[in-house]
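To be precise, the following lines are run.txt, and they hold compact mmCIF, C-alpha atoms and all ligand atoms.
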```txt
# COMPACT_ATOMS: atom_id res chain seq x y z
CA MET U 1 122.52 77.56 99.54
CA LEU U 2 120.11 80.29 98.53
CA PRO U 3 116.63 80.00 97.00
CA GLN U 4 116.67 80.20 93.21
CA PRO U 5 115.49 83.81 92.73
CA LEU U 6 118.17 85.10 95.10
CA ARG U 7 120.84 83.07 93.37
CA ARG U 8 119.68 84.43 90.03
CA HIS U 9 119.84 88.06 91.13
CA ARG U 10 123.22 87.68 92.83
CA ARG U 11 124.81 86.12 89.78
CA HIS U 12 123.74 88.74 87.30
CA SER U 13 124.34 92.29 88.45
CA CYS U 14 124.82 94.71 91.32
CA ARG U 15 121.58 96.52 90.46
CA LEU U 16 119.54 93.36 90.92
CA GLU U 17 121.29 92.78 94.26
CA ALA U 18 118.89 95.38 95.71
CA VAL U 19 115.73 93.45 94.72
CA LYS U 20 113.57 92.81 97.77
CA GLN U 21 112.47 89.27 98.44
CA ILE U 22 109.38 87.94 100.13
CA LEU U 23 108.69 84.41 101.25
CA LEU U 24 104.99 83.90 100.56
CA ILE U 25 103.16 81.19 102.48
CA VAL U 26 99.87 80.22 100.85
CA ALA U 27 97.58 78.53 103.35
CA GLY U 28 94.20 76.96 102.63
CA GLY U 29 90.99 78.74 101.73
CA ILE U 30 89.02 79.70 98.67
CA ALA U 31 90.70 83.15 98.80
CA ALA U 32 93.98 81.51 97.74
CA TYR U 33 93.06 82.26 94.13
CA LYS U 34 93.56 85.97 94.91
CA THR U 35 97.12 85.18 95.99
CA LEU U 36 98.03 84.46 92.38
CA GLU U 37 97.07 88.04 91.51
CA LEU U 38 99.12 89.24 94.51
CA VAL U 39 102.17 87.36 93.16
CA ARG U 40 101.63 88.92 89.73
CA LEU U 41 101.40 92.44 91.21
CA ALA U 42 104.39 91.92 93.52
CA THR U 43 106.69 90.65 90.79
CA LYS U 44 105.51 93.48 88.51
CA ALA U 45 106.48 95.89 91.31
CA GLY U 46 109.99 94.38 91.31
CA ILE U 47 109.62 92.22 94.42
CA GLY U 48 111.04 88.70 94.22
CA VAL U 49 108.65 86.01 95.48
CA THR U 50 109.43 82.51 96.73
CA ALA U 51 106.30 80.53 97.55
CA VAL U 52 105.55 77.91 100.16
CA LEU U 53 102.29 76.01 99.83
CA THR U 54 100.67 74.30 102.81
CA LYS U 55 98.87 70.99 102.41
CA SER U 56 95.47 72.70 102.57
CA GLY U 57 96.67 75.57 100.35
CA ALA U 58 97.47 72.97 97.67
CA GLN U 59 93.76 72.07 97.62
CA PHE U 60 93.03 75.52 96.18
CA VAL U 61 96.04 76.50 94.03
CA THR U 62 98.59 74.30 92.33
CA PRO U 63 102.35 74.52 92.86
CA LEU U 64 102.61 74.80 89.09
CA SER U 65 100.63 78.06 88.89
CA LEU U 66 102.70 79.57 91.74
CA GLN U 67 105.89 78.36 90.10
CA ALA U 68 104.91 79.90 86.77
CA LEU U 69 104.15 83.27 88.36
CA THR U 70 107.09 83.44 90.78
CA GLY U 71 109.57 82.03 88.28
CA SER U 72 111.04 79.78 90.97
CA LYS U 73 110.44 76.51 92.81
CA THR U 74 107.42 76.32 95.11
CA TYR U 75 108.22 74.53 98.38
CA GLN U 76 105.77 72.16 100.05
CA ASP U 77 107.44 69.49 102.13
CA LEU U 78 109.34 69.75 105.36
CA PHE U 79 111.14 66.48 104.85
CA SER U 80 111.89 66.64 101.14
CA LEU U 81 115.45 65.47 100.66
CA THR U 82 115.86 67.53 97.48
CA ASP U 83 114.76 70.71 99.20
CA GLU U 84 116.94 70.04 102.23
CA SER U 85 119.95 69.49 100.00
CA GLU U 86 119.23 72.75 98.16
CA MET U 87 118.73 74.68 101.40
CA GLY U 88 117.63 74.11 104.95
CA HIS U 89 114.21 75.36 105.96
CA ILE U 90 115.96 77.72 108.36
CA GLU U 91 117.81 79.34 105.50
CA LEU U 92 114.67 79.54 103.36
CA SER U 93 112.98 81.48 106.16
CA ARG U 94 115.92 83.82 106.57
CA ALA U 95 116.77 84.52 102.95
CA ALA U 96 113.70 86.75 102.50
CA ASP U 97 113.29 90.36 103.66
CA LEU U 98 109.70 89.68 104.73
CA VAL U 99 107.57 86.59 105.33
CA VAL U 100 103.97 86.97 104.12
CA ILE U 101 101.04 84.61 104.76
CA ALA U 102 98.15 85.14 102.33
CA PRO U 103 95.62 83.82 102.90
CA ALA U 104 96.29 83.12 106.58
CA THR U 105 93.82 80.63 108.04
CA ALA U 106 92.63 80.54 111.65
CA ASN U 107 94.68 77.36 111.97
CA ILE U 108 98.03 78.81 110.90
CA LEU U 109 97.47 81.89 113.09
CA ALA U 110 96.77 79.62 116.07
CA LYS U 111 99.89 77.57 115.34
CA MET U 112 101.98 80.75 115.26
CA THR U 113 100.78 81.86 118.67
CA VAL U 114 101.84 78.62 120.36
CA GLY U 115 104.90 77.96 118.23
CA LEU U 116 103.73 74.71 116.67
CA ALA U 117 106.06 73.45 113.94
CA ASP U 118 104.47 70.43 112.29
CA ASP U 119 104.88 71.27 108.61
CA LEU U 120 107.14 73.38 106.39
CA ALA U 121 105.15 76.64 106.73
CA SER U 122 104.85 76.58 110.53
CA THR U 123 108.48 75.49 110.92
CA LEU U 124 109.62 78.40 108.75
CA LEU U 125 107.52 80.77 110.81
CA LEU U 126 109.09 79.55 114.02
CA ALA U 127 112.59 79.72 112.57
CA THR U 128 112.43 83.12 110.89
CA ASP U 129 114.05 86.25 112.26
CA LYS U 130 112.42 88.43 109.59
CA PRO U 131 109.27 90.59 109.91
CA VAL U 132 106.04 88.68 109.30
CA LEU U 133 102.90 90.03 107.65
CA VAL U 134 99.63 88.10 107.67
CA ALA U 135 96.49 88.61 105.58
CA PRO U 136 93.81 86.48 107.25
CA ALA U 137 90.80 85.08 105.39
CA MET U 138 88.17 82.86 106.95
CA ASN U 139 84.51 82.45 107.72
CA VAL U 140 83.08 85.42 109.67
CA ARG U 141 82.34 83.32 112.78
CA MET U 142 85.87 81.96 112.82
CA TRP U 143 87.25 85.50 112.45
CA GLN U 144 85.04 86.80 115.26
CA HIS U 145 85.65 83.83 117.55
CA PRO U 146 87.33 84.94 120.81
CA ALA U 147 90.15 82.44 120.16
CA THR U 148 91.04 84.03 116.79
CA GLU U 149 90.63 87.53 118.24
CA ALA U 150 93.00 86.66 121.10
CA ASN U 151 95.49 85.08 118.67
CA ILE U 152 95.49 88.14 116.41
CA ASN U 153 96.00 90.47 119.37
CA LEU U 154 98.89 88.38 120.65
CA LEU U 155 100.52 88.28 117.20
CA LYS U 156 100.16 92.06 116.88
CA GLN U 157 101.81 92.49 120.29
CA ARG U 158 104.72 90.41 118.99
CA GLY U 159 105.07 92.79 116.04
CA VAL U 160 103.33 90.71 113.37
CA LEU U 161 101.75 93.03 110.78
CA VAL U 162 98.11 92.27 110.05
CA VAL U 163 96.24 93.25 106.88
CA GLU U 164 92.75 92.87 108.29
CA PRO U 165 90.12 91.09 106.20
CA ASN U 166 87.40 93.02 104.42
CA GLU U 167 83.69 92.81 105.03
CA GLY U 168 81.38 91.36 102.39
CA PRO U 169 79.57 88.28 101.11
CA MET U 170 81.57 85.10 101.73
CA ALA U 171 81.99 81.96 99.64
CA CYS U 172 80.08 80.06 102.36
CA GLY U 173 77.03 82.30 101.82
CA GLU U 174 77.41 84.32 105.03
CA TYR U 175 78.14 88.05 105.22
CA GLY U 176 80.66 89.89 107.36
CA PRO U 177 84.36 90.51 107.93
CA GLY U 178 86.60 87.62 106.87
CA ARG U 179 87.19 88.16 103.14
CA LEU U 180 90.86 88.34 102.18
CA ALA U 181 91.97 91.97 101.63
CA GLU U 182 92.33 92.95 97.98
CA PRO U 183 95.70 92.04 96.39
CA LEU U 184 96.50 95.76 95.95
CA GLU U 185 95.88 96.38 99.66
CA ILE U 186 98.16 93.49 100.60
CA LEU U 187 100.81 94.71 98.15
CA SER U 188 100.72 98.21 99.72
CA ALA U 189 101.25 96.68 103.16
CA ILE U 190 104.12 94.54 101.84
CA GLN U 191 105.79 97.56 100.25
CA ALA U 192 105.31 99.58 103.44
CA ALA U 193 106.91 96.78 105.47
CA LEU U 194 109.82 96.58 103.01
CA ASN U 195 110.07 100.35 103.45
CA ASP U 196 111.88 100.91 100.24
CA GLY U 197 110.69 103.63 97.94
CA PRO U 198 111.03 107.21 96.75
CA LEU U 199 109.34 108.57 99.89
CA ARG U 200 111.73 106.94 102.32
CA GLY U 201 112.55 109.42 105.11
CA LYS U 202 109.49 111.60 104.39
CA HIS U 203 106.67 112.13 106.87
CA ALA U 204 103.13 112.31 105.49
CA ILE U 205 99.98 113.35 107.34
CA VAL U 206 96.74 112.08 105.82
CA THR U 207 93.25 113.00 107.06
CA SER U 208 90.45 110.61 106.21
CA GLY U 209 86.78 109.85 106.75
CA PRO U 210 83.93 112.01 108.01
CA THR U 211 83.67 113.84 111.31
CA HIS U 212 80.86 113.47 113.82
CA GLU U 213 79.69 116.77 115.25
CA PRO U 214 77.55 115.98 118.31
CA ILE U 215 74.19 117.66 118.87
CA ASP U 216 73.36 115.78 122.06
CA PRO U 217 74.57 112.46 123.55
CA VAL U 218 72.67 110.42 120.91
CA ARG U 219 72.72 112.58 117.76
CA PHE U 220 75.36 114.04 115.51
CA ILE U 221 75.87 115.86 112.17
CA SER U 222 77.95 113.92 109.63
CA ASN U 223 78.21 112.90 105.95
CA TYR U 224 78.51 109.79 103.77
CA SER U 225 82.32 109.64 103.64
CA SER U 226 83.61 106.07 104.20
CA GLY U 227 87.31 106.93 104.55
CA ARG U 228 88.17 104.46 101.76
CA GLN U 229 90.00 107.02 99.64
CA GLY U 230 91.98 108.59 102.50
CA HIS U 231 92.93 105.24 104.02
CA ALA U 232 94.05 103.93 100.61
CA ILE U 233 96.20 107.04 100.08
CA ALA U 234 97.81 106.61 103.51
CA ALA U 235 98.63 102.96 102.70
CA ALA U 236 99.93 103.85 99.23
CA LEU U 237 102.26 106.54 100.65
CA ALA U 238 103.55 104.09 103.26
CA ALA U 239 104.13 101.61 100.43
CA LEU U 240 106.49 104.15 98.85
CA GLY U 241 108.49 104.30 102.06
CA ALA U 242 106.90 107.32 103.78
CA ARG U 243 106.31 107.42 107.53
CA VAL U 244 102.59 108.03 107.62
CA THR U 245 100.34 109.49 110.30
CA LEU U 246 96.74 108.77 109.37
CA ILE U 247 94.22 110.92 111.23
CA SER U 248 90.84 109.36 110.79
CA GLY U 249 87.30 110.33 111.66
CA PRO U 250 84.84 107.58 112.63
CA VAL U 251 84.99 104.89 109.92
CA ALA U 252 84.20 101.18 109.72
CA LEU U 253 87.62 100.43 108.21
CA PRO U 254 90.47 98.69 110.04
CA ASP U 255 93.66 100.64 110.74
CA PRO U 256 96.09 99.96 107.86
CA PRO U 257 99.19 98.05 109.02
CA GLY U 258 102.62 99.68 109.07
CA LEU U 259 101.52 103.23 109.84
CA THR U 260 100.27 105.26 112.79
CA THR U 261 96.52 105.77 112.92
CA ILE U 262 94.99 108.35 115.23
CA ARG U 263 91.23 108.12 115.57
CA VAL U 264 89.25 111.28 116.24
CA LYS U 265 85.59 112.21 116.25
CA THR U 266 85.11 115.92 115.61
CA ALA U 267 86.68 118.51 113.30
CA CYS U 268 88.25 120.26 116.31
CA GLU U 269 89.85 116.99 117.47
CA MET U 270 91.07 116.34 113.91
CA GLN U 271 92.62 119.80 113.75
CA SER U 272 94.55 119.37 117.01
CA ALA U 273 95.72 115.87 115.99
CA VAL U 274 97.04 117.36 112.73
CA GLN U 275 98.84 120.14 114.62
CA ASP U 276 100.37 117.59 117.00
CA ALA U 277 101.59 115.46 114.08
CA LEU U 278 103.58 118.32 112.48
CA PRO U 279 106.23 118.74 111.15
CA ALA U 280 105.59 116.84 107.94
CA ASP U 281 106.80 116.90 104.34
CA ILE U 282 103.45 115.97 102.85
CA ALA U 283 99.86 116.62 103.94
CA VAL U 284 96.90 115.05 102.16
CA CYS U 285 93.55 116.29 103.47
CA ALA U 286 91.14 113.68 102.18
CA ALA U 287 88.74 113.89 105.13
CA ALA U 288 85.20 115.16 104.60
CA VAL U 289 85.40 117.50 107.57
CA GLY U 290 82.11 118.83 108.89
CA ASP U 291 81.92 122.55 108.11
CA TRP U 292 79.73 123.27 111.10
CA ARG U 293 79.15 121.93 114.59
CA ALA U 294 76.29 122.51 116.98
CA ALA U 295 76.98 125.84 118.70
CA ALA U 296 76.29 124.13 122.00
CA GLU U 297 76.15 120.38 122.59
CA ALA U 298 73.19 119.49 124.79
CA ARG U 299 74.25 117.56 127.90
CA HIS U 300 71.12 115.43 127.80
CA LYS U 301 69.07 113.99 124.95
CA ILE U 302 66.88 116.72 123.46
CA LYS U 303 63.27 115.66 124.09
CA LYS U 304 60.17 116.25 122.00
CA ASP U 305 58.00 118.46 124.16
CA GLY U 306 55.00 118.65 121.85
CA GLY U 307 55.86 122.17 120.74
CA ALA U 308 57.63 123.43 117.61
CA PRO U 309 60.72 121.48 116.45
CA PRO U 310 63.89 122.86 118.04
CA THR U 311 66.17 125.18 116.07
CA LEU U 312 69.79 124.12 115.78
CA ALA U 313 72.33 126.95 116.10
CA LEU U 314 75.59 126.16 114.28
CA ALA U 315 79.16 127.37 114.73
CA GLU U 316 81.79 127.16 111.98
CA ASN U 317 84.54 124.56 112.35
CA PRO U 318 88.22 125.40 111.82
CA ASP U 319 89.42 124.80 108.26
CA ILE U 320 92.22 122.25 108.74
CA LEU U 321 93.49 122.37 105.15
CA ALA U 322 93.59 126.18 104.97
CA GLY U 323 95.32 126.24 108.38
CA LEU U 324 97.98 123.77 107.20
CA SER U 325 98.57 125.71 103.98
CA ALA U 326 99.22 128.84 106.02
CA SER U 327 101.27 127.28 108.80
CA GLY U 328 104.41 129.32 108.07
CA PRO U 329 107.68 127.52 108.80
CA LEU U 330 105.76 124.35 109.73
CA ARG U 331 103.96 124.23 106.36
CA PRO U 332 104.50 120.83 104.72
CA LEU U 333 106.35 121.12 101.41
CA LEU U 334 103.43 119.58 99.51
CA VAL U 335 99.88 120.26 100.72
CA ILE U 336 97.10 118.44 98.88
CA GLY U 337 93.41 119.17 99.36
CA PHE U 338 90.29 117.44 98.13
CA ALA U 339 87.13 119.05 96.80
CA ALA U 340 83.76 117.38 96.97
CA GLU U 341 81.52 119.16 94.48
CA THR U 342 78.07 118.49 93.07
CA GLU U 343 78.18 121.04 90.19
CA LYS U 344 80.62 123.23 88.17
CA LEU U 345 83.48 120.90 89.16
CA GLU U 346 86.40 122.66 87.51
CA GLU U 347 85.25 126.20 88.32
CA HIS U 348 84.69 125.40 92.01
CA ALA U 349 87.90 123.34 92.21
CA VAL U 350 90.06 126.16 90.82
CA ALA U 351 88.49 128.64 93.25
CA LYS U 352 88.88 126.20 96.18
CA ARG U 353 92.56 125.56 95.44
CA SER U 354 93.37 129.24 95.62
CA ARG U 355 91.06 129.88 98.60
CA LYS U 356 92.63 127.05 100.61
CA GLY U 357 96.20 127.87 99.54
CA CYS U 358 97.06 124.23 98.84
CA ASP U 359 99.51 123.08 96.14
CA TRP U 360 97.42 120.35 94.53
CA LEU U 361 93.70 119.73 94.64
CA VAL U 362 91.91 116.45 93.94
CA ALA U 363 88.37 117.33 92.86
CA ASN U 364 85.51 114.81 92.79
CA ASN U 365 82.01 115.17 91.48
CA VAL U 366 80.02 113.63 94.32
CA GLY U 367 76.57 114.60 93.07
CA GLY U 368 74.47 111.41 92.80
CA THR U 369 77.36 109.37 91.40
CA GLY U 370 77.90 106.91 94.24
CA ILE U 371 81.42 108.28 94.70
CA MET U 372 81.05 109.44 98.30
CA GLY U 373 80.95 106.26 100.34
CA GLY U 374 81.52 104.05 97.25
CA ASN U 375 84.48 102.02 95.94
CA GLU U 376 85.30 104.13 92.90
CA ASN U 377 86.39 107.66 92.20
CA GLU U 378 86.68 109.97 89.20
CA VAL U 379 89.25 112.67 89.65
CA LEU U 380 90.12 116.08 88.32
CA LEU U 381 93.62 116.83 89.60
CA LEU U 382 94.80 120.43 89.74
CA THR U 383 98.54 121.02 90.14
CA GLU U 384 100.93 123.87 89.43
CA ALA U 385 101.30 122.32 85.94
CA GLY U 386 97.58 122.49 85.06
CA SER U 387 94.70 120.03 85.27
CA GLU U 388 94.42 116.27 84.58
CA HIS U 389 91.29 114.19 84.29
CA TRP U 390 91.47 110.61 85.62
CA ASN U 391 88.73 108.30 84.40
CA ARG U 392 86.57 106.52 86.94
CA MET U 393 88.58 103.79 88.71
CA ASN U 394 88.85 101.90 91.96
CA LYS U 395 89.85 104.10 94.94
CA LEU U 396 92.90 101.87 95.53
CA ALA U 397 94.09 102.63 91.99
CA VAL U 398 93.48 106.38 92.50
CA ALA U 399 95.55 106.20 95.70
CA GLN U 400 98.43 104.45 93.93
CA ARG U 401 98.41 106.95 91.08
CA LEU U 402 98.37 109.91 93.46
CA ALA U 403 101.12 108.40 95.62
CA ALA U 404 103.27 107.74 92.52
CA LYS U 405 102.82 111.38 91.52
CA ILE U 406 103.85 112.49 95.00
CA GLY U 407 106.87 110.16 94.75
CA ASP U 408 107.86 111.83 91.45
CA TYR U 409 107.50 115.26 93.06
CA PHE U 410 110.10 114.35 95.68
CA LYS U 411 112.54 112.69 93.24
N1 LIG O 1 88.59 120.78 104.86
C1 LIG O 1 89.25 120.93 106.06
N2 LIG O 1 88.61 121.48 107.12
C2 LIG O 1 87.32 121.88 107.02
C3 LIG O 1 86.64 121.71 105.79
C4 LIG O 1 87.30 121.15 104.73
O1 LIG O 1 90.43 120.56 106.14
N3 LIG O 1 86.74 122.40 108.07
C5 LIG O 1 89.33 120.25 103.72
C6 LIG O 1 88.88 118.89 103.23
O2 LIG O 1 89.60 117.85 103.88
C7 LIG O 1 89.20 118.97 101.75
C8 LIG O 1 89.01 120.44 101.42
O3 LIG O 1 89.12 121.13 102.65
O4 LIG O 1 90.57 118.67 101.52
C9 LIG O 1 87.74 120.79 100.74
O5 LIG O 1 86.66 120.26 101.42
P1 LIG O 1 85.19 120.48 100.84
O6 LIG O 1 84.21 119.85 101.77
O7 LIG O 1 85.14 120.13 99.40
O8 LIG O 1 85.08 122.06 100.85
P2 LIG O 1 84.67 123.05 101.94
O9 LIG O 1 85.87 123.68 102.53
O10 LIG O 1 83.76 122.39 102.92
O11 LIG O 1 83.91 124.15 101.07
P3 LIG O 1 82.40 124.08 100.47
O12 LIG O 1 81.58 123.39 101.52
O13 LIG O 1 82.08 125.49 100.29
O14 LIG O 1 82.48 123.33 99.19
```
If you convert what's in this file into structure tokens, what do you get?
Ligand code: CTP
Amino acid sequence: MLPQPLRRHRRHSCRLEAVKQILLIVAGGIAAYKTLELVRLATKAGIGVTAVLTKSGAQFVTPLSLQALTGSKTYQDLFSLTDESEMGHIELSRAADLVVIAPATANILAKMTVGLADDLASTLLLATDKPVLVAPAMNVRMWQHPATEANINLLKQRGVLVVEPNEGPMACGEYGPGRLAEPLEILSAIQAALNDGPLRGKHAIVTSGPTHEPIDPVRFISNYSSGRQGHAIAAALAALGARVTLISGPVALPDPPGLTTIRVKTACEMQSAVQDALPADIAVCAAAVGDWRAAAEARHKIKKDGGAPPTLALAENPDILAGLSASGPLRPLLVIGFAAETEKLEEHAVAKRSRKGCDWLVANNVGGTGIMGGNENEVLLLTEAGSEHWNRMNKLAVAQRLAAKIGDYFK
């Protein structure tokens, strides 16, 4: 027999037949409270959720809260006669389109690698033939322990999708990577894995982050870009079903799951990676590409010799966005540029859009506002239809709004 949400959808209509289902395993950890928000967002996005709570997960969230949010029974016990009469654990693991573990503890990841099946969650994971996505959360030392690192690498090799944890202060008072990814980030990865959206079949190229233009082996020219906005856009496009090639300069962010990330260092490397990734339907140039590079990179560290400071001769870098906009038959159907401005935002943005030849332009005022390198963005969007002002919001929300607009464009 099927889990309740599936039964409900099958009974009612053909349209609901297409609803995607996830089986969500909630393991232990203080981050489990964020999982409730993930369930709320997923159901709002039309994804059916059936929850399984581990023994340690139940220390942090109650089955009742999960039940209320998913609208269906939350499963906990491997040997519950009622559950086994409703459905076998094998069927529960197979009835979903995707199995998600959030938060995933070091323990459950370790069990997965060796195939331990000593409770409902681990038995389901061993029995499933569906794709599995994990969002780990744990203390920084546990995350960085060679055992966890080896387990994660092995799981990735087996095709498990990993939404890497974020860096920040932890509940235990330490600081570092190990915090559960934000619910919106996990939702994007889930949607990308379900690969069901208006951009299905479309290829998108996204550039992100700064570039490093070397001066000598120990110095480079760069900027404050973190890559947060570009990476979030790449994930949001993948969530709408696009095949995404993310071309990223040097950033401290993990590669988003479910898409292809190509890491580059300089503007010239970024340009050739973009050329190699063509053809594409969509190009979003969110990278803060260095306009200039050192005319000649010194082979050895430039030394102070007691004389006048050295003069740095610069050469102009290729303009990747302008090149894409003018790439003739290979030009993506929709080319979107960004504009980082510190004054006269609209005036400069309008001029930049026509100079670069792009279709849309996302302009940001980056002058002393904490936007470049920060978590939030305030956007002036220029399209063929005119301009729109988006109030300051989280970069993940900006990415979702832009991706939705791109989805509408291709409807
Ligand atoms: N861009 C690019 N290649 C470059 C420089 C910029 O692809 N060599 C792209 C950026 O990714 C962004 C847009 O062009 O989408 C505008 O970048 P911005 O730094 O705002 O403008 P610049 O072209 O550098 O112009 P200016 O410095 O005069 O503002």
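In terms of minimum interatomic distance to U:Leu38, U:Glu182 ranks closest within U:Asp118, U:Asp97, U:Asp129, U:Glu182, counting all atoms listed in the file.
Using only C-alpha atoms and all ligand atoms as the basis for the distance check, residues found within 7 Å of ligand LIG 1 (chain O) are Thr207, Ala267, Cys285, Ala286, Ala287, Ala288, Val289, Gly290, Asp291, Asn317, Pro318, Asp319, Ile320, Leu321, Ala322, Gly337, Phe338, Ala339, Ala340 and Glu341 of chain U.
Shown here are all protein and nucleic acid residues lying within 7 Å of (106.3, 118.4, 105.2), with all atoms listed in the file considered: His203, Ala204, Pro279, Ala280, Asp281, Ile282, Ala283, Arg331, Pro332, Leu333 and Leu334 of chain U.
The space between atom CA of U:Ala150 and atom CA of U:Met112 spans 12.2 Å.
Remark: residues at most 10 Å from position (100.6, 123.4, 92.2) in file coordinates are Leu334, Val335, Ile336, Arg353, Ser354, Gly357, Cys358, Asp359, Trp360, Leu361, Leu381, Leu382, Thr383, Glu384, Ala385, Gly386 and Ser387 of chain U, using all atoms listed in the file.
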Subject >> Shortest interatomic distance to U:Thr35 - which of U:Met270, U:Ala403, U:Ala171, U:Ala181, counting all atoms listed in the file >> reply: U:Ala181
Subject >> For atom CA of U:Val39 and atom CA of U:Pro103, the interatomic separation in Å (one decimal) >> reply: 12.3 Å
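Taking atom CA of U:Leu126 and atom CA of U:Lys111 as the two end points, the separation is 9.5 Å.
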Show me, as a JSON list (two decimals) with C-alpha atoms, in the coordinates of the input, the residues that have an atom within 10 Å of U:Leu380 when counting all atoms listed in the file, minus same-chain residues fewer than 5 positions from it.
```json
[["chain", "number", "residue", "atom", "x", "y", "z"],
["U", 338, "PHE", "CA", 90.29, 117.44, 98.13],
["U", 339, "ALA", "CA", 87.13, 119.05, 96.80],
["U", 345, "LEU", "CA", 83.48, 120.90, 89.16],
["U", 346, "GLU", "CA", 86.40, 122.66, 87.51],
["U", 349, "ALA", "CA", 87.90, 123.34, 92.21],
["U", 361, "LEU", "CA", 93.70, 119.73, 94.64],
["U", 362, "VAL", "CA", 91.91, 116.45, 93.94],
["U", 363, "ALA", "CA", 88.37, 117.33, 92.86],
["U", 364, "ASN", "CA", 85.51, 114.81, 92.79],
["U", 365, "ASN", "CA", 82.01, 115.17, 91.48],
["U", 387, "SER", "CA", 94.70, 120.03, 85.27],
["U", 388, "GLU", "CA", 94.42, 116.27, 84.58],
["U", 389, "HIS", "CA", 91.29, 114.19, 84.29],
["U", 390, "TRP", "CA", 91.47, 110.61, 85.62],
["U", 391, "ASN", "CA", 88.73, 108.30, 84.40]]
```
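Comparing U:Leu78, U:Lys344, U:Glu167, U:Ala351 by their smallest distance to U:Gln144, the closest is U:Glu167 (using only C-alpha atoms).
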**OP:** Considering all atoms listed in the file, state which residue in the set U:Gly307, U:Gly258, U:Gly197, U:Gly57 is at the smallest distance from U:Val19.
**Re:** U:Gly197
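Summary of the local environment: counting only C-alpha atoms, residues at most 8 Å from stretch 130-136 of chain U, other than itself and those fewer than 2 positions away along its chain, are U:Ser93, U:Arg94, U:Ala96, U:Asp97, U:Leu98, U:Val99, U:Val100, U:Ile101, U:Ala102, U:Pro103, U:Ala104, U:Thr105, U:Ala106, U:Thr128, U:Met138, U:Gly159, U:Val160, U:Leu161, U:Val162, U:Val163, U:Glu164, U:Pro165, U:Gly178, U:Arg179, U:Leu180, U:Ala181, U:Ile186, U:Ile190, U:Ala193.
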Can I get the selection written as a short mmCIF file (atom, residue, chain, number, x, y, z; two decimals), keeping the file's coordinate frame, with C-alpha atoms?
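The result, stored in selection_6.cif:
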```cif
data_model
loop_
_atom_site.label_atom_id
_atom_site.label_comp_id
_atom_site.auth_asym_id
_atom_site.auth_seq_id
_atom_site.Cartn_x
_atom_site.Cartn_y
_atom_site.Cartn_z
CA SER U 93 112.98 81.48 106.16
CA ARG U 94 115.92 83.82 106.57
CA ALA U 96 113.70 86.75 102.50
CA ASP U 97 113.29 90.36 103.66
CA LEU U 98 109.70 89.68 104.73
CA VAL U 99 107.57 86.59 105.33
CA VAL U 100 103.97 86.97 104.12
CA ILE U 101 101.04 84.61 104.76
CA ALA U 102 98.15 85.14 102.33
CA PRO U 103 95.62 83.82 102.90
CA ALA U 104 96.29 83.12 106.58
CA THR U 105 93.82 80.63 108.04
CA ALA U 106 92.63 80.54 111.65
CA THR U 128 112.43 83.12 110.89
CA MET U 138 88.17 82.86 106.95
CA GLY U 159 105.07 92.79 116.04
CA VAL U 160 103.33 90.71 113.37
CA LEU U 161 101.75 93.03 110.78
CA VAL U 162 98.11 92.27 110.05
CA VAL U 163 96.24 93.25 106.88
CA GLU U 164 92.75 92.87 108.29
CA PRO U 165 90.12 91.09 106.20
CA GLY U 178 86.60 87.62 106.87
CA ARG U 179 87.19 88.16 103.14
CA LEU U 180 90.86 88.34 102.18
CA ALA U 181 91.97 91.97 101.63
CA ILE U 186 98.16 93.49 100.60
CA ILE U 190 104.12 94.54 101.84
CA ALA U 193 106.91 96.78 105.47
#
```
Subject >> Selection near U:Asn394, 10 Å with only C-alpha atoms, sequence-local residues under 4 positions removed, as a list in words >> reply: Gln229, Gly374, Asn375, Glu376, Asn377, Glu378, Val398 and Ala399 of chain U
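Closest to U:Thr123 among U:Glu37, U:Glu347, U:Glu91, U:Asp216 is U:Glu91, based on all atoms listed in the file.
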